[in-house]
Structures are given as structure tokens and as C-alpha cells.
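Participant: Contents of my_file-v7.txt (compact mmCIF, C-alpha atoms and all ligand atoms) are given next:
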```
# COMPACT_ATOMS: atom_id res chain seq x y z
CA MET A 27 51.87 85.37 -31.83
CA GLU A 28 51.80 87.78 -28.88
CA LEU A 29 51.41 91.42 -29.85
CA SER A 30 54.41 92.35 -27.68
CA SER A 31 56.64 89.93 -29.67
CA ALA A 32 55.29 91.21 -32.99
CA LEU A 33 55.95 94.75 -31.88
CA SER A 34 59.54 94.14 -30.91
CA ILE A 35 60.19 92.33 -34.24
CA ALA A 36 58.68 95.18 -36.24
CA LEU A 37 60.44 97.84 -34.15
CA ASP A 38 63.69 96.10 -35.03
CA GLY A 39 62.75 96.63 -38.69
CA THR A 40 61.84 93.06 -39.59
CA ALA A 41 58.61 92.48 -41.48
CA LEU A 42 56.13 90.01 -40.07
CA SER A 43 55.05 87.11 -42.26
CA VAL A 44 51.46 87.08 -43.44
CA ASP A 45 50.66 84.23 -41.05
CA ASP A 46 52.20 86.00 -38.06
CA ALA A 47 50.36 89.22 -38.84
CA LEU A 48 47.10 87.28 -39.23
CA SER A 49 47.62 85.70 -35.83
CA LEU A 50 47.32 89.18 -34.28
CA GLN A 51 43.67 89.42 -35.23
CA ALA A 52 42.63 88.37 -31.72
CA TYR A 53 43.77 91.79 -30.45
CA SER A 54 41.47 94.79 -30.36
CA THR A 55 41.69 97.42 -33.08
CA ASP A 56 42.91 100.00 -30.56
CA GLU A 57 45.73 97.72 -29.46
CA LEU A 58 46.74 97.04 -33.08
CA CYS A 59 46.61 100.72 -34.03
CA ASP A 60 48.73 101.75 -31.03
CA ALA A 61 51.35 99.14 -31.87
CA ALA A 62 51.32 100.03 -35.59
CA ASP A 63 51.72 103.70 -34.67
CA ALA A 64 54.84 102.88 -32.63
CA VAL A 65 56.29 101.02 -35.63
CA ARG A 66 55.46 103.95 -37.92
CA ARG A 67 57.12 106.48 -35.59
CA ARG A 68 60.23 104.34 -35.24
CA HIS A 69 60.83 103.76 -38.94
CA VAL A 70 59.23 106.56 -40.94
CA GLY A 71 59.03 109.41 -38.47
CA ASN A 72 56.56 112.18 -37.99
CA ARG A 73 56.51 114.00 -41.29
CA ILE A 74 53.30 113.56 -43.25
CA HIS A 75 53.85 112.54 -46.88
CA THR A 76 51.44 114.20 -49.29
CA CYS A 77 50.85 113.63 -52.97
CA SER A 78 48.34 114.73 -55.56
CA ILE A 79 47.41 113.44 -58.98
CA VAL A 80 46.08 114.73 -62.25
CA ASN A 81 44.17 112.43 -64.54
CA ALA A 82 45.98 113.29 -67.75
CA ARG A 83 43.82 110.95 -69.84
CA SER A 84 40.44 109.70 -68.68
CA GLY A 85 38.55 106.56 -69.68
CA ARG A 86 38.67 104.63 -72.99
CA CYS A 87 40.91 102.00 -71.45
CA SER A 88 41.17 98.64 -73.20
CA GLU A 89 41.70 96.75 -69.94
CA ASP A 90 38.95 95.03 -67.92
CA CYS A 91 39.86 95.79 -64.28
CA LYS A 92 36.60 95.12 -62.44
CA TRP A 93 36.96 97.99 -59.97
CA CYS A 94 37.70 100.69 -62.50
CA SER A 95 35.33 103.26 -63.97
CA GLN A 96 37.70 103.93 -66.89
CA SER A 97 37.47 100.59 -68.68
CA VAL A 98 35.66 100.46 -72.04
CA LYS A 99 34.12 97.21 -70.81
CA HIS A 100 32.01 99.04 -68.22
CA SER A 101 29.33 101.69 -68.70
CA THR A 102 29.96 104.20 -65.95
CA GLY A 103 29.16 107.53 -67.57
CA ILE A 104 32.40 109.17 -66.43
CA SER A 105 33.84 112.17 -68.21
CA GLU A 106 36.22 110.81 -70.84
CA TYR A 107 38.94 112.74 -72.59
CA GLU A 108 42.18 112.20 -74.48
CA TYR A 109 45.58 113.43 -73.30
CA LEU A 110 45.38 116.82 -71.58
CA ALA A 111 47.28 119.73 -73.05
CA ASP A 112 50.49 120.94 -71.39
CA GLN A 113 48.80 124.05 -70.02
CA ASP A 114 46.11 121.98 -68.22
CA LEU A 115 48.79 119.79 -66.67
CA GLN A 116 50.77 122.90 -65.67
CA SER A 117 47.69 124.42 -63.99
CA ALA A 118 47.11 121.23 -62.00
CA TYR A 119 50.78 121.25 -61.00
CA VAL A 120 50.65 124.90 -59.86
CA HIS A 121 47.47 124.25 -57.87
CA SER A 122 49.11 121.36 -55.98
CA ARG A 123 52.38 123.24 -55.48
CA ASP A 124 50.63 126.31 -54.11
CA ASN A 125 48.68 124.13 -51.69
CA GLY A 126 51.92 122.84 -50.13
CA VAL A 127 51.65 119.30 -51.50
CA GLN A 128 55.00 117.48 -51.79
CA LYS A 129 54.51 115.22 -54.80
CA PHE A 130 52.64 115.57 -58.07
CA SER A 131 51.79 112.61 -60.26
CA LEU A 132 50.73 112.46 -63.89
CA VAL A 133 48.29 109.59 -64.30
CA THR A 134 46.87 108.24 -67.55
CA SER A 135 44.23 105.63 -68.24
CA GLY A 136 45.09 102.88 -70.67
CA ARG A 137 47.39 99.90 -70.89
CA ARG A 138 50.33 102.20 -71.61
CA VAL A 139 51.04 105.65 -73.03
CA PRO A 140 51.80 105.49 -76.78
CA PRO A 141 55.31 106.72 -77.66
CA ALA A 142 53.87 109.71 -79.57
CA HIS A 143 52.51 111.16 -76.32
CA MET A 144 55.59 110.45 -74.28
CA LYS A 145 57.43 113.39 -75.81
CA SER A 146 54.86 115.93 -74.68
CA PHE A 147 54.76 114.47 -71.16
CA CYS A 148 58.54 114.67 -70.98
CA ARG A 149 58.47 118.29 -72.15
CA MET A 150 55.93 119.19 -69.49
CA VAL A 151 57.84 117.35 -66.77
CA ARG A 152 61.07 119.11 -67.74
CA SER A 153 59.43 122.50 -67.50
CA VAL A 154 58.22 121.91 -63.91
CA SER A 155 60.95 119.68 -62.53
CA ASP A 156 63.58 122.38 -63.19
CA GLU A 157 61.76 124.45 -60.58
CA GLY A 158 62.61 121.82 -57.97
CA LYS A 159 59.55 122.60 -55.83
CA MET A 160 57.80 119.24 -56.01
CA GLN A 161 58.78 115.65 -56.64
CA ILE A 162 57.26 114.53 -59.96
CA CYS A 163 55.80 111.05 -60.29
CA ALA A 164 54.08 109.21 -63.11
CA SER A 165 51.56 106.41 -63.47
CA MET A 166 51.21 105.57 -67.14
CA GLY A 167 50.61 101.85 -67.25
CA LEU A 168 52.84 99.06 -68.42
CA LEU A 169 55.72 101.12 -69.82
CA ASP A 170 58.92 99.52 -71.06
CA GLU A 171 62.43 100.38 -69.96
CA GLU A 172 63.04 102.87 -72.76
CA GLN A 173 59.89 104.86 -71.99
CA LEU A 174 60.70 104.84 -68.29
CA ARG A 175 64.21 106.08 -69.03
CA GLN A 176 62.77 108.98 -71.03
CA LEU A 177 60.57 109.94 -68.09
CA LYS A 178 63.46 109.63 -65.65
CA GLU A 179 65.69 111.82 -67.77
CA ALA A 180 62.91 114.41 -67.98
CA GLY A 181 62.72 114.57 -64.18
CA VAL A 182 60.22 111.93 -63.04
CA THR A 183 61.72 110.47 -59.89
CA ARG A 184 59.07 107.94 -58.88
CA TYR A 185 56.96 105.51 -60.89
CA HIS A 186 53.60 104.28 -59.71
CA CYS A 187 52.27 100.86 -60.67
CA ASN A 188 49.85 99.22 -58.26
CA LEU A 189 49.73 95.47 -57.79
CA GLU A 190 46.10 96.21 -56.76
CA THR A 191 45.45 93.05 -54.72
CA ALA A 192 46.97 89.75 -53.62
CA PRO A 193 48.66 87.69 -56.34
CA SER A 194 46.09 84.91 -55.75
CA TYR A 195 43.13 87.29 -56.14
CA PHE A 196 44.26 89.44 -59.07
CA PRO A 197 43.15 87.01 -61.85
CA LYS A 198 39.59 87.17 -60.46
CA LEU A 199 39.56 90.95 -61.00
CA CYS A 200 41.45 91.45 -64.26
CA THR A 201 42.04 89.18 -67.24
CA THR A 202 43.63 91.53 -69.81
CA HIS A 203 46.97 91.81 -68.04
CA SER A 204 48.69 90.05 -65.17
CA GLN A 205 50.66 90.97 -62.10
CA ALA A 206 53.69 89.56 -63.93
CA ASP A 207 53.22 92.36 -66.52
CA LYS A 208 53.14 94.88 -63.68
CA LEU A 209 56.20 93.39 -62.01
CA ALA A 210 58.11 93.70 -65.29
CA THR A 211 57.33 97.43 -65.43
CA ILE A 212 58.16 97.84 -61.73
CA ALA A 213 61.54 96.11 -62.24
CA ALA A 214 62.27 98.29 -65.30
CA ALA A 215 61.44 101.45 -63.33
CA ARG A 216 63.84 100.39 -60.61
CA LYS A 217 66.48 99.58 -63.22
CA VAL A 218 66.39 103.11 -64.64
CA GLY A 219 66.78 104.51 -61.13
CA MET A 220 63.26 105.51 -60.15
CA GLU A 221 61.69 105.14 -56.74
CA LEU A 222 58.66 102.87 -56.68
CA CYS A 223 55.12 103.49 -55.56
CA VAL A 224 53.28 100.16 -55.47
CA GLY A 225 50.01 99.62 -53.63
CA GLY A 226 46.46 98.56 -54.17
CA ILE A 227 42.82 98.63 -53.23
CA ILE A 228 41.13 96.95 -50.29
CA GLY A 229 37.43 96.18 -50.02
CA MET A 230 37.12 94.37 -53.36
CA GLY A 231 35.74 91.18 -51.79
CA GLU A 232 39.09 89.94 -50.53
CA GLY A 233 39.81 88.96 -46.93
CA MET A 234 42.49 90.06 -44.49
CA ARG A 235 44.88 87.37 -45.74
CA GLU A 236 44.76 88.78 -49.26
CA ARG A 237 45.34 92.32 -47.95
CA LEU A 238 48.43 91.16 -46.11
CA GLU A 239 49.62 89.18 -49.14
CA LEU A 240 49.30 92.35 -51.20
CA ALA A 241 51.41 94.21 -48.63
CA GLN A 242 54.01 91.45 -48.72
CA ALA A 243 54.08 91.41 -52.54
CA ALA A 244 54.57 95.20 -52.70
CA ARG A 245 57.39 95.05 -50.16
CA GLU A 246 59.06 92.22 -52.05
CA ALA A 247 58.72 94.19 -55.30
CA GLY A 248 60.91 96.86 -53.69
CA ALA A 249 58.22 99.51 -53.14
CA ASP A 250 59.26 102.73 -51.41
CA ALA A 251 55.65 103.80 -50.95
CA PHE A 252 52.35 101.99 -50.77
CA PRO A 253 49.18 103.84 -51.77
CA LEU A 254 46.33 102.19 -49.90
CA ASN A 255 42.96 102.77 -51.53
CA LEU A 256 39.50 101.77 -50.34
CA LEU A 257 37.21 100.57 -53.06
CA THR A 258 34.62 103.11 -54.09
CA PRO A 259 32.07 100.81 -55.75
CA ILE A 260 31.15 102.69 -58.92
CA PRO A 261 27.78 102.03 -60.59
CA GLY A 262 28.33 100.26 -63.89
CA THR A 263 31.42 98.37 -62.77
CA PRO A 264 31.24 94.65 -61.88
CA LEU A 265 32.09 95.59 -58.27
CA GLU A 266 29.25 98.11 -57.93
CA GLY A 267 27.44 95.92 -55.36
CA VAL A 268 30.39 95.08 -53.13
CA PRO A 269 29.61 96.17 -49.54
CA LEU A 270 31.75 98.99 -48.15
CA LEU A 271 34.34 98.02 -45.57
CA GLY A 272 33.38 99.19 -42.08
CA GLU A 273 35.54 101.79 -40.38
CA ASP A 274 36.86 99.36 -37.80
CA GLU A 275 37.86 96.92 -40.54
CA VAL A 276 39.67 99.70 -42.41
CA ALA A 277 41.67 100.69 -39.31
CA ARG A 278 42.53 97.06 -38.46
CA SER A 279 43.62 96.39 -42.03
CA VAL A 280 45.99 99.36 -42.15
CA ALA A 281 47.44 98.51 -38.73
CA LEU A 282 48.12 94.89 -39.67
CA MET A 283 49.55 95.89 -43.04
CA ARG A 284 52.05 98.15 -41.24
CA PHE A 285 53.47 95.03 -39.53
CA VAL A 286 54.09 93.45 -42.94
CA MET A 287 55.67 96.68 -44.27
CA PRO A 288 57.33 98.22 -41.19
CA LYS A 289 59.51 100.68 -43.12
CA MET A 290 57.10 101.63 -45.90
CA THR A 291 55.55 105.01 -46.53
CA ILE A 292 51.87 104.07 -46.49
CA HIS A 293 49.72 106.65 -48.26
CA PHE A 294 46.07 106.64 -47.34
CA ALA A 295 44.63 107.37 -50.76
CA GLY A 296 41.40 106.88 -52.70
CA GLY A 297 38.12 106.19 -50.94
CA ARG A 298 39.00 107.77 -47.60
CA GLY A 299 36.63 110.70 -48.20
CA ARG A 300 33.63 108.64 -47.07
CA LEU A 301 35.16 107.89 -43.67
CA SER A 302 34.49 109.85 -40.50
CA ARG A 303 37.16 112.26 -39.29
CA GLU A 304 37.68 109.97 -36.27
CA CYS A 305 38.40 106.99 -38.48
CA THR A 306 40.86 108.93 -40.64
CA LEU A 307 42.66 110.15 -37.52
CA ARG A 308 42.76 106.59 -36.23
CA VAL A 309 44.37 105.40 -39.46
CA LEU A 310 46.94 108.23 -39.38
CA ARG A 311 47.75 107.28 -35.81
CA GLY A 312 47.57 103.58 -36.59
CA GLY A 313 49.96 102.72 -39.39
CA ALA A 314 49.58 105.17 -42.29
CA ASN A 315 52.02 108.10 -42.65
CA GLY A 316 51.00 109.64 -45.95
CA VAL A 317 47.91 110.88 -47.69
CA MET A 318 46.76 111.57 -51.21
CA VAL A 319 45.18 115.00 -51.23
CA GLY A 320 42.93 116.77 -53.71
CA ASN A 321 40.77 115.15 -56.35
CA LEU A 322 41.13 111.54 -57.42
CA LEU A 323 40.95 110.04 -60.92
CA THR A 324 37.22 110.03 -61.51
CA THR A 325 35.89 110.83 -58.05
CA ALA A 326 36.14 113.91 -55.85
CA GLY A 327 38.74 113.86 -53.08
CA CYS A 328 38.95 115.71 -49.77
CA ASP A 329 39.30 119.42 -49.02
CA VAL A 330 43.02 120.24 -48.89
CA ASP A 331 42.80 122.79 -46.03
CA LYS A 332 40.79 120.38 -43.90
CA ASP A 333 43.34 117.68 -44.65
CA PHE A 334 46.21 119.83 -43.38
CA GLU A 335 44.23 120.55 -40.17
CA LEU A 336 43.75 116.82 -39.82
CA PHE A 337 47.48 116.10 -40.17
CA ALA A 338 48.26 118.67 -37.45
CA ASP A 339 45.61 117.11 -35.19
CA ALA A 340 47.18 113.70 -35.80
CA GLY A 341 50.51 115.13 -34.61
CA TYR A 342 52.31 115.32 -37.95
CA SER A 343 54.50 118.01 -39.44
CA ASN A 344 54.54 118.92 -43.14
CA ASN A 345 58.21 119.78 -43.50
S1 LIG A 401 42.85 100.35 -63.56
FE1 LIG A 401 44.11 101.28 -65.22
S2 LIG A 401 44.44 99.55 -66.64
FE2 LIG A 401 42.71 98.95 -65.35
S3 LIG A 401 40.85 99.62 -66.48
FE3 LIG A 401 41.42 101.30 -65.07
S4 LIG A 401 42.70 102.68 -66.29
FE4 LIG A 401 42.64 100.71 -67.37
```
Could you take the file, read its structure, and then write that structure out as C-alpha cells?
Ligand code: SF4
Facilitator:
Amino acid sequence: MELSSALSIALDGTALSVDDALSLQAYSTDELCDAADAVRRRHVGNRIHTCSIVNARSGRCSEDCKWCSQSVKHSTGISEYEYLADQDLQSAYVHSRDNGVQKFSLVTSGRRVPPAHMKSFCRMVRSVSDEGKMQICASMGLLDEEQLRQLKEAGVTRYHCNLETAPSYFPKLCTTHSQADKLATIAAARKVGMELCVGGIIGMGEGMRERLELAQAAREAGADAFPLNLLTPIPGTPLEGVPLLGEDEVARSVALMRFVMPKMTIHFAGGRGRLSRECTLRVLRGGANGVMVGNLLTTAGCDVDKDFELFADAGYSNN
């Protein structure tokens, strides 16, 4: 497909098929980024979307996701802890709020949060959501409809559940749960009236086709936002030896994924800290329109002040 045809289709708001997006690979990265940027400006505007997370429970996870430092199946030496107390969650919330971040997400390791802990999360969410300063999100695994309803009623407006990778590739990376399990939680979150944040990780040994299939699957699952993470190969995980994606490959991937998700908020999230400033700017002017700021789950993130300078340099506003 010609890039000019792809651009006019995407500008009209129609998503490209995976095959059509793949056919654009003959174009240079600069050409793809420029076109993806035009699609981004048309459909999602010029306001940067920012979110931050707190790891409310770290490690000790029963699942075997090959990329993850928090699985009990891998020896990674991360700091492990059980559910954080309300006051620690409140401090993380205040820190993000005072830094001008728009969304705050409570994230827990594990297949799902046990019902006994749901009450305290709901209490904490109620206490901060009444303030109305930030949108509150949650990422607590494979919750059922009742648990999701409790979170919604407490003030959680968006649920995060990544598909992680293409449907065809997921079984090679995780055997303890399936994408069907994730899709059931995603559908339940939608049913109780939450927005959906559904993304994944690139650089786990997959190719461009799988990245685009992930984008298509997230769009079809009804995602409002797509967190796009780059694998940080963590020593002790089965993916520790996977080569890092090059900067050009990262930029091309984001640009092509924008054509498959023309109206999506694409958050550039974990793993971006290793990239050059130039590459991050290229991604923000080449398809992405959101960023995860602050620290990540088990790895350090980027400096918040420097991030806000970067958004201004990329031509975004924060309000
Ligand atoms: S990605 Fe989530 S479910 Fe998988 S091992 Fe890590 S914490 Fe557990």
C-alpha cells in the first residue's frame, strides 16, 4: 500500500489491517513517523497524557510470565513486599498529584487481589477520588465482575489489563493464564462502566507482525488507552538474554502501530528510560501521545521534571 493512501484512510479514522500496515515497511522511519504524527494530531490532539503507578504489592506472583521479575518462578532478587499500607499509597498519590501527573494507578503483583484486600484498596481510593484531582486507575490482575464493581464504586475509573503480546505469541511467554482470561476481565471491566487500558510489551523476541497483531487485538478489545512498553531484560528471567530493540526499530514500531490504532491514546511506558532523548522525541512526534512518568514496577523510571521539558519540546501541552 502507498503511504499516502494509508494516511488518508487513517486520517478518516479507519484502522489499517495488520497486512496493510506491514506493507508500509518499505518507507523510511522518518516518513512513517511524520505520517503517524499527522494521524495522532487529527484524532487525539496535542495534550500529553500522563500517568504514574505505585507497585502496591511486589513479587511473590504465582504466574510464570517470562518477561516479569515478579514471578516466583524466576530468581531476580527484586524487593518483595505484601500489600502496602494506606498511608504509603496515599504518599505515592500525593507525590504524583503534586508533580502535575493526570492519572494514578494502583498496581499489584499476583494473579488477582484476594477479596480481603479489596476493601482496603477501595477505602484508599475513596479517600483520594473524592478530591477529584487525578483520575484513579487500577491494575490488579484477573478480577471478576464483582471485584471490578467494588473498585468502580470506590472511584476507580479505568482498569488496566495488558494483553502483553500478539495472541499467537502469548502462549510462548506465559502458560499459567491465557489471553482469554485477560479478555474476560477486560469485558467485565467494560461491563461495570470502566475505561480500559490495554497494551503490552515489545522486544520480547516477536516481529513487527506480532506487534501489529497486539495493537489490533487491543483495539478490538475496546481499549481506550494502550501502554506501550519496551522489554527491559531482567537478569534471572527467561528473557534476560533477549537483545534490546534498536532505537530506529522502536520508532518504526510505534509509528506503524498508530496506523492500526488511529484513535488510541498510546502511552509510551516502561523501558523508555534507556533511549536517547532524540529517540523519545521522535516517538512523541511519531505516534505516541502519552507517557508513563515516575518509577516503574521494579525498575527506576525517568525524571519527572525532565519529562515535562521533553513534552514541551515535542510541542505538547499538559492541560
Ligand atoms: S506480569 Fe503480572 S501476572 Fe505475570 S508474573 Fe508478573 S506480576 Fe505475575
Participant: Name the residues in contact with Glu273 (chain A) at a cut-off of 7 Å, using all atoms listed in the file, excluding same-chain residues fewer than 3 positions from it; report them as a list in words.
Facilitator: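 The residues that qualify are Val276, Ala277, Leu301 and Cys305 of chain A.
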Participant: Write out the residues from the selection above, keeping C-alpha atoms, as a short mmCIF file (atom, residue, chain, number, x, y, z; two decimals), in the frame of the given file.
Facilitator:
```
data_model
loop_
_atom_site.label_atom_id
_atom_site.label_comp_id
_atom_site.auth_asym_id
_atom_site.auth_seq_id
_atom_site.Cartn_x
_atom_site.Cartn_y
_atom_site.Cartn_z
CA VAL A 276 39.67 99.70 -42.41
CA ALA A 277 41.67 100.69 -39.31
CA LEU A 301 35.16 107.89 -43.67
CA CYS A 305 38.40 106.99 -38.48
#
```
Participant: Under the rule that all atoms listed in the file are counted, which of A:His186, A:His203, A:Arg245, A:Arg278 is the nearest residue to Thr40 (chain A)?
Facilitator: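 That would be A:Arg245, the residue with the smallest distance to Thr40 (chain A).
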Participant: If we count all atoms listed in the file, what is near region 136-142 of chain A at a cut-off of 7 Å, once residues fewer than 3 positions away on the same chain are taken out, given as a list in words?
Facilitator: Cys87, Ser88, Glu89, Lys145, Met166, Gly167, Leu168 and Leu169 of chain A
Participant: Using all atoms listed in the file, what does the table of chain A residues within 12 Å of ligand LIG 401 (chain A) look like, with each row giving the shortest atom pair and its distance in Å to one decimal, sorted by chain and ascending number, as a Markdown table?
Facilitator:
```
| residue | atom | partner | partner_atom | distance |
| --- | --- | --- | --- | --- |
| A:Asn81 | CA | A:LIG401 | S4 | 10.0 |
| A:Ala82 | CA | A:LIG401 | S4 | 11.2 |
| A:Arg83 | CA | A:LIG401 | S4 | 9.1 |
| A:Ser84 | CA | A:LIG401 | S4 | 7.8 |
| A:Gly85 | CA | A:LIG401 | S4 | 6.6 |
| A:Arg86 | CA | A:LIG401 | FE4 | 7.9 |
| A:Cys87 | CA | A:LIG401 | FE4 | 4.6 |
| A:Ser88 | CA | A:LIG401 | FE4 | 6.4 |
| A:Glu89 | CA | A:LIG401 | S3 | 4.6 |
| A:Asp90 | CA | A:LIG401 | S3 | 5.2 |
| A:Cys91 | CA | A:LIG401 | FE2 | 4.4 |
| A:Lys92 | CA | A:LIG401 | S3 | 7.4 |
| A:Trp93 | CA | A:LIG401 | S1 | 7.3 |
| A:Cys94 | CA | A:LIG401 | FE3 | 4.6 |
| A:Ser95 | CA | A:LIG401 | FE3 | 6.5 |
| A:Gln96 | CA | A:LIG401 | FE3 | 4.9 |
| A:Ser97 | CA | A:LIG401 | S3 | 4.1 |
| A:Val98 | CA | A:LIG401 | S3 | 7.7 |
| A:Lys99 | CA | A:LIG401 | S3 | 8.4 |
| A:His100 | CA | A:LIG401 | S3 | 9.0 |
| A:Ser101 | CA | A:LIG401 | S3 | 11.9 |
| A:Thr102 | CA | A:LIG401 | S3 | 11.8 |
| A:Glu106 | CA | A:LIG401 | S4 | 11.3 |
| A:Val133 | CA | A:LIG401 | S4 | 9.1 |
| A:Thr134 | CA | A:LIG401 | S4 | 7.1 |
| A:Ser135 | CA | A:LIG401 | S4 | 3.9 |
| A:Gly136 | CA | A:LIG401 | FE4 | 4.6 |
| A:Arg137 | CA | A:LIG401 | S2 | 5.2 |
| A:Arg138 | CA | A:LIG401 | S2 | 8.1 |
| A:Val139 | CA | A:LIG401 | S2 | 11.0 |
| A:Ser165 | CA | A:LIG401 | FE1 | 9.2 |
| A:Met166 | CA | A:LIG401 | FE1 | 8.5 |
| A:Gly167 | CA | A:LIG401 | S2 | 6.6 |
| A:Leu168 | CA | A:LIG401 | S2 | 8.6 |
| A:Leu169 | CA | A:LIG401 | S2 | 11.8 |
| A:His186 | CA | A:LIG401 | FE1 | 11.4 |
| A:Cys187 | CA | A:LIG401 | FE1 | 9.4 |
| A:Asn188 | CA | A:LIG401 | S1 | 8.9 |
| A:Leu189 | CA | A:LIG401 | S1 | 10.2 |
| A:Glu190 | CA | A:LIG401 | S1 | 8.6 |
| A:Thr191 | CA | A:LIG401 | S1 | 11.8 |
| A:Phe196 | CA | A:LIG401 | FE2 | 11.5 |
| A:Leu199 | CA | A:LIG401 | FE2 | 9.6 |
| A:Cys200 | CA | A:LIG401 | FE2 | 7.7 |
| A:Thr201 | CA | A:LIG401 | FE2 | 10.0 |
| A:Thr202 | CA | A:LIG401 | S2 | 8.7 |
| A:His203 | CA | A:LIG401 | S2 | 8.3 |
| A:Ser204 | CA | A:LIG401 | S2 | 10.5 |
| A:Gln205 | CA | A:LIG401 | S2 | 11.5 |
| A:Asp207 | CA | A:LIG401 | S2 | 11.3 |
| A:Lys208 | CA | A:LIG401 | S2 | 10.3 |
| A:Gly226 | CA | A:LIG401 | S1 | 10.2 |
| A:Ile227 | CA | A:LIG401 | S1 | 10.5 |
| A:Leu257 | CA | A:LIG401 | S1 | 11.9 |
| A:Thr263 | CA | A:LIG401 | S3 | 10.2 |
| A:Pro264 | CA | A:LIG401 | S3 | 11.8 |
| A:Leu323 | CA | A:LIG401 | S4 | 9.3 |
| A:Thr324 | CA | A:LIG401 | FE3 | 10.3 |
```
Participant: Here is a test: counting only C-alpha atoms, which residue of A:Val319, A:Phe285, A:Glu304, A:Asp274 is nearest to Gln128 (chain A)?
Facilitator: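 Answer, going by the shortest atom-to-atom distance: A:Val319.
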Participant: Can I get the residues of region 230-340 of chain A within 9 Å of region 75-78 of chain A, each with the closest pair of atoms and their distance in Å to one decimal, using all atoms listed in the file, sorted chain first then ascending number, as CSV?
Facilitator:
```
residue,atom,partner,partner_atom,distance
A:Thr291,CA,A:His75,CA,7.7
A:Ile292,CA,A:His75,CA,8.7
A:His293,CA,A:His75,CA,7.3
A:Asn315,CA,A:His75,CA,6.4
A:Gly316,CA,A:His75,CA,4.2
A:Val317,CA,A:Thr76,CA,5.1
A:Met318,CA,A:Cys77,CA,4.9
A:Val319,CA,A:Ser78,CA,5.4
A:Gly320,CA,A:Ser78,CA,6.1
A:Asn321,CA,A:Ser78,CA,7.6
A:Leu322,CA,A:Ser78,CA,8.1
```
Participant: With C-alpha atoms retained, could you export that selection as an mmCIF file, in the frame of the given file?
Facilitator:
```cif
data_model
loop_
_atom_site.group_PDB
_atom_site.id
_atom_site.type_symbol
_atom_site.label_atom_id
_atom_site.label_comp_id
_atom_site.auth_asym_id
_atom_site.auth_seq_id
_atom_site.Cartn_x
_atom_site.Cartn_y
_atom_site.Cartn_z
ATOM 1 C CA THR A 291 55.550 105.010 -46.530
ATOM 2 C CA ILE A 292 51.870 104.070 -46.490
ATOM 3 C CA HIS A 293 49.720 106.650 -48.260
ATOM 4 C CA ASN A 315 52.020 108.100 -42.650
ATOM 5 C CA GLY A 316 51.000 109.640 -45.950
ATOM 6 C CA VAL A 317 47.910 110.880 -47.690
ATOM 7 C CA MET A 318 46.760 111.570 -51.210
ATOM 8 C CA VAL A 319 45.180 115.000 -51.230
ATOM 9 C CA GLY A 320 42.930 116.770 -53.710
ATOM 10 C CA ASN A 321 40.770 115.150 -56.350
ATOM 11 C CA LEU A 322 41.130 111.540 -57.420
#
```
Participant: Tell me, as a PDB file with C-alpha atoms, in the frame of the given file, which residues lie within 8 Å of region 216-221 of chain A, counting all atoms listed in the file; anything in the same chain fewer than 6 positions away does not count.
Facilitator:
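After the write, out23.pdb holds the following:
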```pdb
ATOM      1  CA  GLU A 171      62.430 100.380 -69.960  1.00  0.00           C
ATOM      2  CA  LEU A 174      60.700 104.840 -68.290  1.00  0.00           C
ATOM      3  CA  ARG A 175      64.210 106.080 -69.030  1.00  0.00           C
ATOM      4  CA  LYS A 178      63.460 109.630 -65.650  1.00  0.00           C
ATOM      5  CA  VAL A 182      60.220 111.930 -63.040  1.00  0.00           C
ATOM      6  CA  THR A 183      61.720 110.470 -59.890  1.00  0.00           C
ATOM      7  CA  ARG A 184      59.070 107.940 -58.880  1.00  0.00           C
ATOM      8  CA  TYR A 185      56.960 105.510 -60.890  1.00  0.00           C
ATOM      9  CA  ALA A 249      58.220  99.510 -53.140  1.00  0.00           C
ATOM     10  CA  ASP A 250      59.260 102.730 -51.410  1.00  0.00           C
TER      11      ASP A 250
END
```
Participant: Measuring between all atoms listed in the file, which one of A:Met234, A:Leu110, A:Ile260, A:Ala215 shows the shortest distance to Gln173 (chain A)?
Facilitator: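 Distance minimum relative to Gln173 (chain A) lands on A:Ala215.
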Participant: Which value, in Å to one decimal, gives the distance between CA of Leu29 (chain A) and CA of Leu50 (chain A)?
Facilitator: 6.4 Å
